[in-house]
file work-v9.cif (mmCIF, C-alpha atoms)
data_upload
loop_
_atom_site.label_atom_id
_atom_site.label_comp_id
_atom_site.auth_asym_id
_atom_site.auth_seq_id
_atom_site.Cartn_x
_atom_site.Cartn_y
_atom_site.Cartn_z
CA MET R 25 -19.42 -29.58 -11.10
CA PHE R 26 -16.13 -27.70 -11.25
CA LEU R 27 -12.84 -29.62 -11.02
CA LEU R 28 -10.18 -27.94 -8.88
CA GLN R 29 -6.95 -28.64 -10.72
CA SER R 30 -4.35 -26.17 -9.52
CA PRO R 31 -2.43 -26.45 -6.23
CA GLN R 32 -3.53 -22.93 -5.36
CA MET R 33 -7.21 -23.89 -5.63
CA LEU R 34 -6.74 -26.93 -3.42
CA GLN R 35 -4.91 -24.87 -0.83
CA LEU R 36 -7.76 -22.34 -0.79
CA LEU R 37 -10.24 -25.20 -0.46
CA GLU R 38 -8.37 -26.55 2.56
CA LYS R 39 -8.41 -23.15 4.24
CA SER R 40 -12.13 -22.75 3.57
CA LEU R 41 -12.99 -26.21 4.88
CA LYS R 42 -11.02 -25.50 8.04
CA LYS R 43 -13.57 -22.78 8.85
CA SER R 44 -16.37 -25.40 8.79
CA LEU R 45 -14.84 -27.89 11.21
CA PRO R 46 -15.87 -30.27 12.71
CA GLU R 47 -18.67 -30.85 10.15
CA SER R 48 -16.16 -30.80 7.28
CA LEU R 49 -13.57 -33.02 9.01
CA LYS R 50 -13.55 -36.00 6.62
CA VAL R 51 -13.26 -33.77 3.55
CA TYR R 52 -10.82 -31.40 5.26
CA GLY R 53 -8.54 -34.29 6.24
CA THR R 54 -8.63 -35.68 2.70
CA VAL R 55 -7.83 -32.33 1.08
CA PHE R 56 -5.04 -31.79 3.62
CA HIS R 57 -3.29 -34.90 2.33
CA MET R 58 -4.09 -34.06 -1.28
CA ASN R 59 -2.08 -30.90 -0.65
CA GLN R 60 0.83 -32.97 0.64
CA LYS R 61 1.45 -35.48 -2.16
CA ASN R 62 -2.02 -36.78 -3.08
CA PRO R 63 -0.77 -40.40 -3.06
CA PHE R 64 -4.20 -41.83 -3.93
CA LYS R 65 -4.66 -39.59 -6.98
CA LEU R 66 -7.88 -38.03 -5.67
CA LYS R 67 -9.76 -35.16 -7.29
CA ALA R 68 -11.89 -32.38 -5.79
CA LEU R 69 -15.21 -31.32 -7.33
CA VAL R 70 -17.21 -28.28 -6.23
CA ASP R 71 -20.56 -26.96 -7.41
CA LYS R 72 -19.06 -23.49 -7.97
CA TRP R 73 -15.90 -21.58 -7.23
CA PRO R 74 -14.74 -19.89 -5.12
CA ASP R 75 -18.03 -19.60 -3.20
CA PHE R 76 -18.75 -23.33 -3.20
CA THR R 77 -21.61 -24.97 -1.38
CA THR R 78 -20.86 -28.67 -1.90
CA VAL R 79 -17.54 -30.53 -2.19
CA VAL R 80 -17.10 -34.09 -3.45
CA ILE R 81 -13.72 -35.85 -3.22
CA CYS R 82 -13.16 -39.09 -5.13
CA PRO R 83 -10.52 -40.98 -7.12
CA GLN R 84 -9.88 -40.07 -10.73
CA GLU R 85 -11.80 -42.09 -13.33
CA GLN R 86 -8.79 -44.23 -14.29
CA GLU R 87 -8.54 -45.38 -10.68
CA MET R 88 -12.18 -46.58 -10.45
CA VAL R 89 -12.04 -49.26 -13.16
CA ASP R 90 -13.40 -52.11 -11.00
CA ASP R 91 -17.15 -51.62 -10.43
CA SER R 92 -17.06 -53.97 -7.42
CA ASP R 93 -14.10 -52.36 -5.64
CA HIS R 94 -15.84 -50.28 -3.00
CA TYR R 95 -12.51 -49.73 -1.23
CA THR R 96 -11.33 -47.59 -4.15
CA ASN R 97 -14.75 -46.33 -5.22
CA THR R 98 -15.10 -44.08 -2.19
CA TYR R 99 -16.47 -40.53 -2.02
CA GLN R 100 -16.05 -37.93 0.74
CA ILE R 101 -18.77 -35.28 0.79
CA TYR R 102 -19.30 -31.99 2.60
CA SER R 103 -22.16 -29.57 1.93
CA LYS R 104 -22.98 -26.21 3.47
CA ASP R 105 -26.56 -26.77 2.30
CA PRO R 106 -27.28 -30.50 2.70
CA GLU R 107 -31.03 -30.03 2.28
CA ASN R 108 -30.58 -28.81 -1.28
CA CYS R 109 -27.66 -30.88 -2.59
CA GLN R 110 -29.63 -34.02 -3.54
CA GLU R 111 -30.06 -33.09 -7.21
CA LEU R 112 -26.36 -32.31 -7.52
CA LEU R 113 -25.24 -35.59 -5.94
CA GLY R 114 -27.64 -37.51 -8.15
CA GLU R 115 -25.87 -36.46 -11.33
CA PRO R 116 -23.96 -39.37 -12.94
CA GLU R 117 -20.90 -37.21 -13.66
CA VAL R 118 -20.55 -36.54 -9.92
CA ILE R 119 -21.07 -40.05 -8.49
CA ASN R 120 -21.06 -43.27 -10.50
CA TRP R 121 -24.16 -44.85 -9.01
CA LYS R 122 -23.71 -47.98 -11.12
CA GLN R 123 -20.75 -49.05 -9.03
CA HIS R 124 -20.43 -50.67 -5.62
CA LEU R 125 -19.23 -47.65 -3.64
CA GLN R 126 -18.82 -45.93 -0.28
CA ILE R 127 -19.89 -42.43 0.72
CA GLN R 128 -18.22 -40.93 3.78
CA SER R 129 -19.15 -37.73 5.56
CA SER R 130 -18.99 -36.03 8.94
CA GLN R 131 -22.54 -34.73 8.50
CA SER R 132 -25.45 -36.77 9.79
CA SER R 133 -27.70 -34.36 7.86
CA LEU R 134 -26.62 -36.11 4.64
CA ASN R 135 -28.24 -39.37 5.78
CA GLU R 136 -31.65 -38.40 4.44
CA VAL R 137 -30.16 -37.16 1.18
CA ILE R 138 -28.51 -40.51 0.48
CA GLN R 139 -31.65 -42.41 1.47
CA ASN R 140 -33.72 -40.29 -0.91
CA LEU R 141 -31.28 -40.89 -3.72
CA ALA R 142 -31.44 -44.62 -3.04
CA ALA R 143 -35.21 -44.52 -3.33
CA THR R 144 -35.21 -42.59 -6.61
CA LYS R 145 -32.47 -44.67 -8.21
CA SER R 146 -33.62 -48.05 -6.81
CA PHE R 147 -30.34 -49.12 -5.22
CA GLN R 148 -29.66 -50.51 -1.77
CA VAL R 149 -27.89 -48.59 0.99
CA ARG R 150 -26.24 -49.99 4.10
CA GLN R 151 -25.62 -47.26 6.63
CA THR R 152 -23.00 -47.26 9.38
CA GLN R 153 -23.06 -44.63 12.12
CA CYS R 154 -19.91 -43.88 14.06
CA PHE R 155 -18.35 -41.41 16.44
CA LEU R 156 -15.61 -39.46 14.69
CA TYR R 157 -12.91 -38.61 17.22
CA MET R 158 -10.23 -35.93 17.03
CA SER R 159 -7.15 -35.85 19.21
CA PHE R 160 -7.00 -33.08 21.79
CA ASP R 161 -3.93 -31.63 20.07
CA THR R 162 -5.78 -31.49 16.74
CA VAL R 163 -8.80 -29.82 18.31
CA LYS R 164 -6.58 -27.34 20.13
CA LYS R 165 -4.87 -26.43 16.85
CA LEU R 166 -7.86 -26.37 14.47
CA ILE R 167 -10.98 -25.61 16.52
CA PRO R 168 -9.95 -24.57 20.07
CA SER R 169 -13.44 -23.22 20.76
CA LEU R 170 -14.66 -26.84 21.07
CA LEU R 171 -12.08 -27.86 23.65
CA ASP R 172 -13.60 -28.13 27.12
CA VAL R 173 -10.75 -28.41 29.60
CA ARG R 174 -13.19 -29.70 32.22
CA ASN R 175 -13.55 -32.92 30.25
CA LEU R 176 -9.84 -33.57 29.75
CA PRO R 177 -8.58 -36.81 31.34
CA PRO R 178 -5.99 -36.50 34.13
CA GLY R 179 -2.33 -36.68 33.10
CA ASP R 180 -1.02 -36.51 29.53
CA GLY R 181 -2.83 -39.60 28.20
CA LYS R 182 0.37 -41.63 28.19
CA PRO R 183 -0.43 -45.35 28.67
CA LYS R 184 1.32 -47.71 31.06
CA ALA R 185 4.80 -48.77 30.03
CA MET R 186 4.96 -51.99 28.04
CA ASP R 187 7.61 -54.72 28.07
CA GLN R 188 10.20 -53.17 25.75
CA GLU R 189 12.39 -56.25 25.97
CA MET R 190 9.67 -58.31 24.29
CA LEU R 191 8.01 -55.71 22.04
CA LYS R 192 9.62 -53.15 19.73
CA PHE R 193 8.10 -50.17 17.94
CA SER R 194 8.47 -50.31 14.17
CA SER R 195 6.60 -49.72 10.90
CA LEU R 196 4.84 -52.06 8.50
CA ASP R 197 6.05 -53.04 5.05
CA VAL R 198 4.10 -54.39 2.09
CA THR R 199 4.74 -58.00 3.09
CA HIS R 200 2.60 -57.41 6.21
CA ALA R 201 -0.50 -56.49 4.17
CA ALA R 202 -1.80 -60.07 4.21
CA LEU R 203 -1.69 -60.16 8.03
CA VAL R 204 -3.54 -56.84 8.36
CA ASN R 205 -6.07 -57.97 5.75
CA GLU R 206 -6.73 -61.21 7.60
CA ILE R 207 -7.67 -59.44 10.84
CA TRP R 208 -9.34 -56.30 9.45
CA HIS R 209 -13.10 -56.60 9.99
CA PHE R 210 -13.85 -55.11 6.55
CA GLY R 211 -11.08 -56.94 4.73
CA GLY R 212 -10.29 -60.57 4.03
CA ASN R 213 -10.34 -60.42 0.23
CA GLU R 214 -7.99 -59.65 -2.64
CA ARG R 215 -9.30 -56.12 -3.26
CA SER R 216 -8.86 -55.14 0.38
CA ARG R 217 -5.34 -56.62 0.42
CA ARG R 218 -4.30 -54.52 -2.57
CA PHE R 219 -5.78 -51.43 -0.95
CA ILE R 220 -3.94 -52.08 2.32
CA GLU R 221 -0.72 -52.35 0.34
CA ARG R 222 -1.32 -48.83 -0.99
CA TYR R 223 -1.85 -47.56 2.56
CA ILE R 224 1.43 -49.07 3.69
CA GLN R 225 3.31 -47.71 0.69
CA ASN R 226 1.98 -44.16 0.93
CA PHE R 227 1.26 -43.26 4.56
CA PRO R 228 3.07 -43.58 7.91
CA THR R 229 2.37 -46.89 9.65
CA PHE R 230 3.02 -47.93 13.22
CA CYS R 231 3.35 -51.39 14.70
CA LEU R 232 4.76 -53.41 17.57
CA LEU R 233 7.02 -56.32 16.71
CA GLY R 234 6.98 -59.47 18.86
CA PRO R 235 10.02 -61.56 19.84
CA GLU R 236 9.94 -63.30 16.45
CA GLY R 237 10.23 -59.96 14.65
CA THR R 238 6.70 -60.05 13.19
CA PRO R 239 3.94 -57.48 13.86
CA VAL R 240 1.62 -58.29 16.77
CA SER R 241 -0.25 -54.95 16.82
CA TRP R 242 -0.53 -52.13 14.27
CA SER R 243 -2.27 -48.97 13.09
CA LEU R 244 -2.61 -47.52 9.57
CA MET R 245 -4.05 -44.45 7.81
CA ASP R 246 -6.54 -44.43 4.93
CA GLN R 247 -6.84 -42.13 1.90
CA THR R 248 -8.52 -39.44 4.02
CA GLY R 249 -5.64 -39.41 6.50
CA GLU R 250 -7.88 -40.99 9.14
CA ILE R 251 -6.45 -43.60 11.52
CA ARG R 252 -7.84 -46.96 10.42
CA MET R 253 -7.48 -50.73 10.63
CA ALA R 254 -5.82 -50.90 14.05
CA GLY R 255 -5.52 -54.53 15.08
CA THR R 256 -3.77 -57.02 17.34
CA VAL R 257 -3.14 -60.71 16.76
CA PRO R 258 -5.28 -62.91 19.05
CA GLU R 259 -2.49 -64.18 21.30
CA TYR R 260 -1.48 -60.60 22.24
CA ARG R 261 -4.93 -59.16 22.90
CA GLY R 262 -5.93 -57.95 26.35
CA ARG R 263 -2.60 -56.14 26.90
CA ASP R 264 -3.84 -52.72 25.77
CA LEU R 265 -1.17 -52.56 23.06
CA ILE R 266 -3.34 -50.34 20.86
CA SER R 267 -3.20 -47.63 23.53
CA CYS R 268 0.60 -47.71 23.38
CA LEU R 269 0.47 -47.43 19.59
CA ASN R 270 -2.11 -44.64 19.77
CA TYR R 271 0.12 -42.55 21.97
CA THR R 272 3.31 -43.10 19.97
CA ARG R 273 1.49 -42.56 16.67
CA SER R 274 -0.16 -39.34 17.89
CA GLN R 275 3.17 -37.90 18.99
CA ALA R 276 4.77 -38.72 15.63
CA LEU R 277 1.90 -37.40 13.48
CA LYS R 278 1.70 -34.24 15.59
CA LYS R 279 5.30 -33.44 14.63
CA LEU R 280 4.34 -33.84 10.95
CA GLY R 281 1.44 -31.42 11.39
CA PHE R 282 -1.17 -34.03 10.43
CA PRO R 283 -4.75 -33.74 11.72
CA ILE R 284 -5.28 -36.80 13.91
CA TYR R 285 -8.71 -38.39 13.95
CA ALA R 286 -10.42 -41.78 13.84
CA HIS R 287 -13.92 -43.22 13.87
CA VAL R 288 -15.43 -45.85 16.14
CA ASP R 289 -18.71 -47.66 15.59
CA LYS R 290 -21.25 -46.32 18.06
CA ASN R 291 -21.90 -49.87 19.30
CA ASN R 292 -18.23 -50.65 19.96
CA ILE R 293 -18.40 -49.88 23.67
CA VAL R 294 -15.03 -51.45 24.52
CA VAL R 295 -13.08 -49.25 22.12
CA LEU R 296 -15.10 -46.15 23.00
CA LYS R 297 -14.12 -46.52 26.66
CA LYS R 298 -10.44 -46.94 25.80
CA ASN R 299 -10.06 -43.82 23.68
CA ILE R 300 -8.04 -42.06 26.36
CA GLN R 301 -6.50 -39.39 24.12
CA PHE R 302 -9.47 -38.77 21.82
CA GLY R 303 -12.31 -36.73 23.17
CA ILE R 304 -14.13 -34.47 20.71
CA TYR R 305 -16.49 -36.22 18.33
CA SER R 306 -19.14 -35.61 15.75
CA PRO R 307 -21.52 -38.14 14.17
CA ALA R 308 -20.38 -39.54 10.83
CA LEU R 309 -21.93 -41.64 8.08
#
call {"tool": "encode", "arguments": {"input": "work-v9.cif", "output": "structure tokens"}}
result
Amino acid sequence: MFLLQSPQMLQLLEKSLKKSLPESLKVYGTVFHMNQKNPFKLKALVDKWPDFTTVVICPQEQEMVDDSDHYTNTYQIYSKDPENCQELLGEPEVINWKQHLQIQSSQSSLNEVIQNLAATKSFQVRQTQCFLYMSFDTVKKLIPSLLDVRNLPPGDGKPKAMDQEMLKFSSLDVTHAALVNEIWHFGGNERSRRFIERYIQNFPTFCLLGPEGTPVSWSLMDQTGEIRMAGTVPEYRGRDLISCLNYTRSQALKKLGFPIYAHVDKNNIVVLKKNIQFGIYSPAL
């Protein structure tokens, strides 16, 4: 594998991945933020350059020191030839298969590749299938050919007004990481708390503060730039606060030029029905 080290190479990689959207979305979004400030110290590996076939994004070796920290030990993969990338992904210098890790992709065609690798290397795989949503503004900017105006919802997607006397828009700080970690479905441990702290320190966050001045609903971004870990404290649920946050967040990130996307578990029917400003999706690992 070839390590892309210069800013010029990473910028060329971003432009090339843009041509392969939406299949390359997870890797494209990650490289986009690597070209901003690369706050998570990620590296980009390609099988060859400049005419690459497979891209693997992952943290640098000094970041993946805890073999059990699957929050940090995360890989984003895109391949133009998924049927023939198994041997490449099986190499130990590409992916450390001895660790507890995550592999993320926007290509369902990589499912079989990972399953085959699991069989040959005798490790267990737990697969999660989701819908990967992009905001209409992001689709319009990056891949307008996919935008079907017939399927657009009426209006501008703006939710009903909330009680601004009781709730205030704000951002999270590091002291709020414990609260997010407590409610996050995939959190609840010390490793996830530390990872959430890095999110808060390095990416824009959005929250609603209750009368006591503490967050009651929030939304964060992960190392790929994807919207993640949205949550609401139990006593404020049922008020559709996440929709208010979604709209405000989308308007703010649009001004920054960020691609706006998020995934939802295919079985999470409630959330799927409430995604009023997300409408183009592709299956993701």
call {"tool": "residues_around", "arguments": {"input": "work-v9.cif", "residues": "Ile266 in chain R", "least_positions_apart": "3", "cutoff": "9 Å", "atoms": "only C-alpha atoms", "output": "short mmCIF file (atom, residue, chain, number, x, y, z; two decimals) with C-alpha atoms, keeping the file's coordinate frame"}}
result
data_model
loop_
_atom_site.label_atom_id
_atom_site.label_comp_id
_atom_site.auth_asym_id
_atom_site.auth_seq_id
_atom_site.Cartn_x
_atom_site.Cartn_y
_atom_site.Cartn_z
CA SER R 241 -0.25 -54.95 16.82
CA TRP R 242 -0.53 -52.13 14.27
CA SER R 243 -2.27 -48.97 13.09
CA ALA R 254 -5.82 -50.90 14.05
CA GLY R 255 -5.52 -54.53 15.08
CA THR R 256 -3.77 -57.02 17.34
CA ARG R 263 -2.60 -56.14 26.90
CA LEU R 269 0.47 -47.43 19.59
CA ASN R 270 -2.11 -44.64 19.77
CA TYR R 271 0.12 -42.55 21.97
#
call {"tool": "residues_around", "arguments": {"input": "work-v9.cif", "residues": "range 29-36 of chain R", "least_positions_apart": "2", "cutoff": "8 Å", "atoms": "only C-alpha atoms", "output": "list in words"}}
result
Leu27, Glu38, Lys39, Ser40, Val55, Met58, Asn59, Lys67 and Ala68 of chain R
call {"tool": "write_last_selection", "arguments": {"input": "work-v9.cif", "atoms": "C-alpha atoms", "output": "PDB file, in the frame of the given file"}}
result
ATOM      1  CA  LEU R  27     -12.840 -29.620 -11.020  1.00  0.00           C
ATOM      2  CA  GLU R  38      -8.370 -26.550   2.560  1.00  0.00           C
ATOM      3  CA  LYS R  39      -8.410 -23.150   4.240  1.00  0.00           C
ATOM      4  CA  SER R  40     -12.130 -22.750   3.570  1.00  0.00           C
ATOM      5  CA  VAL R  55      -7.830 -32.330   1.080  1.00  0.00           C
ATOM      6  CA  MET R  58      -4.090 -34.060  -1.280  1.00  0.00           C
ATOM      7  CA  ASN R  59      -2.080 -30.900  -0.650  1.00  0.00           C
ATOM      8  CA  LYS R  67      -9.760 -35.160  -7.290  1.00  0.00           C
ATOM      9  CA  ALA R  68     -11.890 -32.380  -5.790  1.00  0.00           C
TER      10      ALA R  68
END
call {"tool": "closest_residue", "arguments": {"input": "work-v9.cif", "among": "R:Leu156, R:Pro83, R:Leu41, R:Ile224", "to": "Ser103 in chain R", "atoms": "only C-alpha atoms"}}
result
R:Leu41
call {"tool": "atom_distance", "arguments": {"input": "work-v9.cif", "atom1": "CA of Ser195 in chain R", "atom2": "CA of Pro235 in chain R"}}
result
15.2 Å
call {"tool": "residues_around", "arguments": {"input": "work-v9.cif", "residues": "Gln247 in chain R", "least_positions_apart": "4", "cutoff": "8 Å", "atoms": "all atoms listed in the file", "output": "number ranges by chain"}}
result
R: 54, 64, 223
call {"tool": "resolve_selection", "arguments": {"input": "work-v9.cif", "expression": "the PyMOL selection byres ((chain R and resi 279-292) around 6)", "output": "MDAnalysis selection string"}}
result
chainID R and resid 154:159 162 250:251 276:278 293:295
call {"tool": "closest_residue", "arguments": {"input": "work-v9.cif", "among": "R:Gln123, R:Gln275, R:Asn135, R:Gln225", "to": "Thr96 in chain R", "atoms": "all atoms listed in the file"}}
result
R:Gln123
call {"tool": "closest_residue", "arguments": {"input": "work-v9.cif", "among": "R:Ser274, R:Gln139, R:Ser194, R:Asn226", "to": "Lys182 in chain R", "atoms": "only C-alpha atoms"}}
result
R:Ser274
call {"tool": "resolve_selection", "arguments": {"input": "work-v9.cif", "expression": "the PyMOL selection byres ((chain R and resi 210) around 12)", "output": "JSON, numbers by chain"}}
result
{"R": [94, 95, 204, 205, 206, 207, 208, 209, 211, 212, 213, 214, 215, 216, 217, 219, 220, 252, 253, 254, 255]}
call {"tool": "residues_around", "arguments": {"input": "work-v9.cif", "residues": "Glu259 in chain R", "least_positions_apart": "5", "cutoff": "12 Å", "atoms": "only C-alpha atoms", "output": "PyMOL selection string"}}
result
chain R and resi 234+239-241+265
call {"tool": "atom_distance", "arguments": {"input": "work-v9.cif", "atom1": "CA of Ser146 in chain R", "atom2": "CA of Ile101 in chain R"}}
result
21.0 Å
call {"tool": "resolve_selection", "arguments": {"input": "work-v9.cif", "expression": "the PyMOL selection byres ((chain R and resi 229) around 6)", "output": "tab-separated table (two decimals) with C-alpha atoms, keeping the file's coordinate frame"}}
result
chain	number	residue	atom	x	y	z
R	195	SER	CA	6.60	-49.72	10.90
R	196	LEU	CA	4.84	-52.06	8.50
R	228	PRO	CA	3.07	-43.58	7.91
R	230	PHE	CA	3.02	-47.93	13.22
R	244	LEU	CA	-2.61	-47.52	9.57
call {"tool": "axis_aligned_box", "arguments": {"input": "work-v9.cif", "around": "range 252-261 of chain R", "padding_each_side": "4 Å", "output": "lines of an AutoDock Vina configuration file"}}
result
center_x = -4.7
center_y = -55.6
center_z = 16.7
size_x = 14.4
size_y = 25.2
size_z = 20.5
call {"tool": "closest_residue", "arguments": {"input": "work-v9.cif", "among": "R:Gln86, R:Val137, R:Leu125, R:Ile81", "to": "Asn108 in chain R", "atoms": "all atoms listed in the file"}}
result
R:Val137
